[in-house]
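Everything on this sheet refers to the single structure shown next.
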Amino acid sequence: MAIKDQIQQIISIRQLKGEKLKKKKETLQQVKDKLRECDQLYSQARQISDEKLRRQYMELFSTVQTKKVQRELDILIRRMNEGMKRFSRNYISIATVGRARQGKSQFLQTVGNLDNDIIPAYSATDCTGATSIIHNDMSQKVGEVKVKITFKQPEDLVRIVEGYIQGIDPSYLEDHPVEFDDIAYLPLSELELRVEEGNVSQATPLKHLTKIVEHFEEIRDLFGKSPEVMTDPELIRTYVAQNNGKSSDDPELERYYSYLAVQRADIYCRFYEDCGDIVLVDTVGLEDTQFGIEEAMLNTVDQECDAAIVVTKPIAGVHKTDEQIYNLLRDHFKNRRMDQWLFYAVNWYKGQNDNVVHAFKHDVENGNFAVCDCMIVDCSDPVDVRDHFVMPMLQKLVANMDTIDQAYLNEINELEKAFFKKYEAFIAELPEAKTFDPGAQEGIKAFLKGKDCYHKLAANLRNRVEYWNEEKDQPNSNLWNRVQKILNHMDDLPPSAEVLQKTINENGALLPVDLWHAALHYTRNEITDQFIAIDDVLEKETKEFKNSLVSDLYHELKNLSDGEGVEKTDEEDMVEWLKEMMDHVINDKPQYEQIHKAFQFLYQFEFNTRAQLIQEIRRQLYIINPICQEYAMPMYNFQRANAGKAVYHYLTSRLSVIEDDLRYSLSKLYRAPNQAFYAASEEFYDRLTFASNLKDGQFKSMDTVWGEFFMEYSKQLWQDNLEKYDEPNALVEKYHTILQDLGQLVTLARY
């Protein structure tokens with residue numbers, strides 16, 4: 001079977017592994033949700049009404065500690081998410097790692113039919129700027145390339161800058177937190193003074209930080225930018241390379257800095273050999289001292305790749321730097337069977353290291369290196385790369401993929417074991433909780449009180465309806481007064497002539513006509529702000545209106561529950577209290593349907609004029625709005641010396657016209673609030689006094705319905721007093737249910 005067919009078969013098998021992992025992860029996510037419910041028991045115990053029981057159950061549930069087991073579960077779920085991502089990929093991903101100038105980029109050029117514009121591979125300098133992901137795309141013609149550039153976020157740069165400052169002097173950050181927009185103004189000279197003479201570990205971060213600060217304005221707009229797709233090689237080079245490969249003394253040297261903002265570059269090209277769904281990941285050379293370069297390489301190999309190739313151009317046997325790279329990988333992947341997926345490409349740079357490549361290969365093979373293979377290859381020779389590295393490497397890799405995946409799953413299995421161990425310890429430490437049964441008690445009756453309250457309420461509501469009937473054709477005084485106050489002070493809204501003149505005097509680039517437009521924009525916003533704020537007054541009046549309709553009923557029921565008179569306060573929202581009480585007492589009882597609907601209506605009733613006002617205001621602002629057809633520039637050329645006075649004069653003259661137009665056009669809105677209050681009071685009155693329920697062919701007078709409603713409420717109060725254990729009992733039942741659900745879910749997750 002051809003390599004590409006074997007790879008496709010592996011991908012299909014891995015999809016099944018991913019689905020199995022997904023199902024287990026979903027079950028464990030439910031376990032996590034149940035553990036969170038456990039966490040909430042303590043706060044729910046704080047809501048128990050009885051003080052003694054509240055303290056008792058708060059103490060009980062304070063011993064239910066889920067943090068340790070949740071922490072272990074979070075680690076497991078994160079790893080499962082990574083595994084699902086790994087097994088859902090429709091390609092095999094291979095990372096290339098190594099030190100700078102070892103031929104890594106040249107190797108990738110050869111495999112992908114690419115050149116220095118796409119994968120920089122210059123011998124003179126560090127060239128690669130960003131991580132590149134190279135996709136074998138057989139739909140591309142040879143030599144064609146498409147690159148998708150993904151940019152970093154502003155917070156990524158802040159983290160990098162903080163890392164460099166940490167390397168220079170961590171104490172600086174204690175008093176100078178870094179903000180993205182302030183990066184251009186970081187005091188490099190002050191930081192340079194903190195670098196000890198001869199201290200390379202401080203000097204190198206300063207060098208990189210200086211590059212970012214000095215070129216921040218050049219690259220700042222790239223951070224957070226949407227991905228871009230490019231096909232022009234010369235343009236692509238400016239995003240993926242640090243320079244054009246010329247030596248530092250060459251006048252044609254070009255340096256690029258956009259790479260500092262690039263998160264990754266996805267390159268789609270036709271490989272030299274069609275080896276199927278393969279992706280090669282180019283990482284920045286490890287001798288580059290960019291912040292976090294080693295961590296970034298390890299995370300890339302861990303989370304985005306199935307195998308890795310270490311490309312090295314040895315000058316002797318295995319040296320200390322080679323061991324350091326190997327140890328980085330070994331320490332990170334000690335349980336991941338590196339001998340199945342780690343390959344060494346020993347770059348034979350003919351004419352320079354002819355005698356040492358075999359020595360290096362010998363040292364690796366005999367030095368207890370956990371590698372799948374170590375092969376000598378001329379990274380610049382396409383045939384050699386294909387025949388003596390890529391194809392043999394892929395043959396071994398596809399043969400090993402089952403073992404590689406199993407090692408990865410074994411890591412997850414170990415995390416599962418750690419979680420189950422913590423979970424069992426958690427269950428063993430849980431406290432025992434029992435429910436109490438205080439017995440049922442008969443409620444008290446308040447039928448006559450309810451009937452009396454109904455008649456009183458009906459009389460009061462009728463009076464309110466008649467009052468608003470008389471008021472509905474009158475202007476609402478609150479709305480009228482507020483509008484008049486705004487209109488009477490229209491001339492106070494624009495900036496004064498003095499402020500305008502000061503503005504143009506202190507801004508040399510500002511033309512008089514620009515000052516005119518700036519004043520227009522400012523004033524329009526001030527006008528609309530004033531009118532939008534009117535709703536604050538109407539919201540308060542609406543609350544007072546609603547409370548006035550239910551005041552008698554509120555006090556009757558409050559007195560019934562509290563056992564003593566209740567004083568009315570302006571702060572109390574009577575409608576909200578009644579609505580919540582009825583939701584608790586009668587919302588599921590059909591015989592009180594009309595009462596409940598009435599209070600739902602009143603509770604939800606709101607009135608504001610924002611939409612109508614803003615529509616009318618914006619319509620009248622046409623004479624100071626340049627985007628409107630009716631707008632006309634002043635037929636006068638403002639002179640700079642007196643621009644402030646002239647602009648103020650012309651602007652206030654237009655405001656006078658707007659004021660007159662608004663006094664006329666807004667007059668029809670003044671009655672809207674009173675008309676709405678009349679309609680709402682009439683609807684509420686009808687619903688509570690006339691709308692009997694005839695659905696079952698039976699009729700009850702409304703005073704009887706209200707008597708039964710009071711009796712229902714009184715019974716509830718009586719039972720609440722006697723049934724103080726209902727709240728803790730419900731909490732204990734919930735506790736038992738959570739534990740039962742947890743047991744079932746954990747059993748399911750184990751298999």
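Labels for the structure tokens follow display order: chains A, B, ..., residues from 1 in each chain, ligands from 1.
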Members of region 70-115 of chain A assigned strand (DSSP E or B) by DSSP, as a ChimeraX atom specification: /A:92-97
Distance query region 64-72 of chain A at most 8 Å, only C-alpha atoms, self and fewer than 5 positions along chain excluded, as a PyMOL selection string: chain A and resi 32+35-36+38-39+415+418-419+422-423+426+430-431
Option closest in space to Ile92 (chain A), from A:Leu16, A:Leu655, A:Ile11, A:Leu742 [counting only C-alpha atoms]: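 Closest to Ile92 (chain A) of all the choices is A:Ile11.
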Shell around region 48-56 of chain A at 9 Å using only C-alpha atoms, local window under 3 positions removed, as a list in words: Gln44, Ala45, Glu59, Leu60, Phe61, Lys724, Tyr725, Glu727 and Pro728 of chain A
Output C-alpha atoms of each residue in that selection to a file, as a CSV table (one decimal), in the first residue's frame.
```csv
chain,number,residue,atom,x,y,z
A,44,GLN,CA,-27.3,27.3,49.4
A,45,ALA,CA,-27.2,26.5,53.1
A,59,GLU,CA,-21.1,23.7,59.1
A,60,LEU,CA,-22.1,20.4,57.6
A,61,PHE,CA,-21.5,21.4,53.9
A,724,LYS,CA,-38.9,25.1,58.8
A,725,TYR,CA,-37.1,21.8,58.0
A,727,GLU,CA,-35.4,24.0,53.3
A,728,PRO,CA,-32.6,21.8,54.8
```
Residue neighbourhood Val575 (chain A), 12 Å, only C-alpha atoms, exclusion window fewer than 2 positions, as a ChimeraX atom specification: /A:542-555,571-573,577-582,596,598-605
Write out the residues from the selection above, keeping N, CA and C atoms, as an mmCIF file, in the first residue's frame.
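Output file again-v3.cif is given in full below:
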```cif
data_model
loop_
_atom_site.group_PDB
_atom_site.id
_atom_site.type_symbol
_atom_site.label_atom_id
_atom_site.label_comp_id
_atom_site.auth_asym_id
_atom_site.auth_seq_id
_atom_site.Cartn_x
_atom_site.Cartn_y
_atom_site.Cartn_z
ATOM 1 N N THR A 542 -42.892 55.601 36.636
ATOM 2 C CA THR A 542 -43.560 54.340 36.326
ATOM 3 C C THR A 542 -43.613 53.439 37.555
ATOM 4 N N LYS A 543 -42.524 53.389 38.304
ATOM 5 C CA LYS A 543 -42.512 52.585 39.528
ATOM 6 C C LYS A 543 -43.555 53.108 40.522
ATOM 7 N N GLU A 544 -43.621 54.429 40.690
ATOM 8 C CA GLU A 544 -44.596 55.017 41.613
ATOM 9 C C GLU A 544 -46.023 54.726 41.148
ATOM 10 N N PHE A 545 -46.244 54.776 39.839
ATOM 11 C CA PHE A 545 -47.568 54.479 39.287
ATOM 12 C C PHE A 545 -47.970 53.038 39.607
ATOM 13 N N LYS A 546 -47.092 52.093 39.369
ATOM 14 C CA LYS A 546 -47.406 50.690 39.605
ATOM 15 C C LYS A 546 -47.677 50.429 41.085
ATOM 16 N N ASN A 547 -46.847 51.015 41.948
ATOM 17 C CA ASN A 547 -47.048 50.819 43.387
ATOM 18 C C ASN A 547 -48.367 51.417 43.867
ATOM 19 N N SER A 548 -48.795 52.515 43.243
ATOM 20 C CA SER A 548 -50.052 53.149 43.666
ATOM 21 C C SER A 548 -51.255 52.245 43.414
ATOM 22 N N LEU A 549 -51.160 51.364 42.416
ATOM 23 C CA LEU A 549 -52.275 50.471 42.098
ATOM 24 C C LEU A 549 -52.410 49.332 43.102
ATOM 25 N N VAL A 550 -51.326 48.939 43.737
ATOM 26 C CA VAL A 550 -51.350 47.732 44.571
ATOM 27 C C VAL A 550 -51.082 48.034 46.043
ATOM 28 N N SER A 551 -51.064 49.290 46.411
ATOM 29 C CA SER A 551 -50.667 49.666 47.770
ATOM 30 C C SER A 551 -51.522 48.972 48.830
ATOM 31 N N ASP A 552 -52.870 49.000 48.658
ATOM 32 C CA ASP A 552 -53.754 48.398 49.666
ATOM 33 C C ASP A 552 -53.504 46.901 49.804
ATOM 34 N N LEU A 553 -53.427 46.219 48.673
ATOM 35 C CA LEU A 553 -53.219 44.768 48.715
ATOM 36 C C LEU A 553 -51.864 44.439 49.353
ATOM 37 N N TYR A 554 -50.842 45.166 48.987
ATOM 38 C CA TYR A 554 -49.505 44.943 49.531
ATOM 39 C C TYR A 554 -49.531 45.020 51.055
ATOM 40 N N HIS A 555 -50.149 46.072 51.597
ATOM 41 C CA HIS A 555 -50.138 46.250 53.043
ATOM 42 C C HIS A 555 -50.986 45.198 53.760
ATOM 43 N N GLU A 571 -38.885 53.373 48.856
ATOM 44 C CA GLU A 571 -37.892 52.461 48.310
ATOM 45 C C GLU A 571 -38.477 51.088 47.987
ATOM 46 N N GLU A 572 -39.555 50.719 48.655
ATOM 47 C CA GLU A 572 -40.124 49.374 48.489
ATOM 48 C C GLU A 572 -40.766 49.236 47.111
ATOM 49 N N ASP A 573 -40.426 48.169 46.400
ATOM 50 C CA ASP A 573 -41.083 47.867 45.132
ATOM 51 C C ASP A 573 -42.205 46.874 45.423
ATOM 52 N N TRP A 577 -42.541 42.590 45.003
ATOM 53 C CA TRP A 577 -42.784 41.710 46.152
ATOM 54 C C TRP A 577 -44.018 40.844 45.917
ATOM 55 N N LEU A 578 -45.110 41.470 45.425
ATOM 56 C CA LEU A 578 -46.351 40.722 45.182
ATOM 57 C C LEU A 578 -46.164 39.678 44.084
ATOM 58 N N LYS A 579 -45.458 40.056 43.021
ATOM 59 C CA LYS A 579 -45.233 39.111 41.924
ATOM 60 C C LYS A 579 -44.432 37.901 42.412
ATOM 61 N N GLU A 580 -43.374 38.131 43.171
ATOM 62 C CA GLU A 580 -42.573 37.016 43.672
ATOM 63 C C GLU A 580 -43.378 36.144 44.629
ATOM 64 N N MET A 581 -44.185 36.783 45.457
ATOM 65 C CA MET A 581 -45.014 36.016 46.389
ATOM 66 C C MET A 581 -45.994 35.141 45.619
ATOM 67 N N MET A 582 -46.625 35.698 44.598
ATOM 68 C CA MET A 582 -47.615 34.923 43.843
ATOM 69 C C MET A 582 -46.966 33.812 43.034
ATOM 70 N N HIS A 596 -52.928 35.998 38.766
ATOM 71 C CA HIS A 596 -51.508 35.860 38.444
ATOM 72 C C HIS A 596 -51.169 36.583 37.147
ATOM 73 N N ALA A 598 -52.669 39.168 35.908
ATOM 74 C CA ALA A 598 -52.722 40.613 36.146
ATOM 75 C C ALA A 598 -51.396 41.110 36.710
ATOM 76 N N PHE A 599 -50.841 40.369 37.660
ATOM 77 C CA PHE A 599 -49.600 40.821 38.265
ATOM 78 C C PHE A 599 -48.397 40.576 37.360
ATOM 79 N N GLN A 600 -48.487 39.573 36.527
ATOM 80 C CA GLN A 600 -47.444 39.412 35.515
ATOM 81 C C GLN A 600 -47.428 40.608 34.570
ATOM 82 N N PHE A 601 -48.628 41.027 34.148
ATOM 83 C CA PHE A 601 -48.727 42.183 33.261
ATOM 84 C C PHE A 601 -48.154 43.430 33.928
ATOM 85 N N LEU A 602 -48.581 43.697 35.151
ATOM 86 C CA LEU A 602 -48.145 44.917 35.823
ATOM 87 C C LEU A 602 -46.641 44.870 36.114
ATOM 88 N N TYR A 603 -46.149 43.702 36.479
ATOM 89 C CA TYR A 603 -44.723 43.550 36.768
ATOM 90 C C TYR A 603 -43.877 43.850 35.523
ATOM 91 N N GLN A 604 -44.373 43.421 34.361
ATOM 92 C CA GLN A 604 -43.618 43.582 33.118
ATOM 93 C C GLN A 604 -43.859 44.931 32.445
ATOM 94 N N PHE A 605 -44.862 45.688 32.911
ATOM 95 C CA PHE A 605 -45.176 46.957 32.275
ATOM 96 C C PHE A 605 -44.041 47.957 32.505
#
```
Selection near Leu666 (chain A), 9 Å with only C-alpha atoms, sequence-local residues under 5 positions removed, as a ChimeraX atom specification: /A:483,613,616-617,661
DSSP-assigned alpha helix (DSSP H) among region 386-620 of chain A, expressed as a PyMOL selection string: chain A and resi 391-428+447-471+477-488+497-505+512-532+534-562+574-585+593-604+610-620
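CA of His135 (chain A) to CA of Val377 (chain A) spans 21.9 Å [interatomic distance, one decimal].
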Among the residues A:Lys456, A:Lys645, A:Arg671, A:His584, the one that comes closest to Trp480 (chain A) [using only C-alpha atoms]: A:Arg671
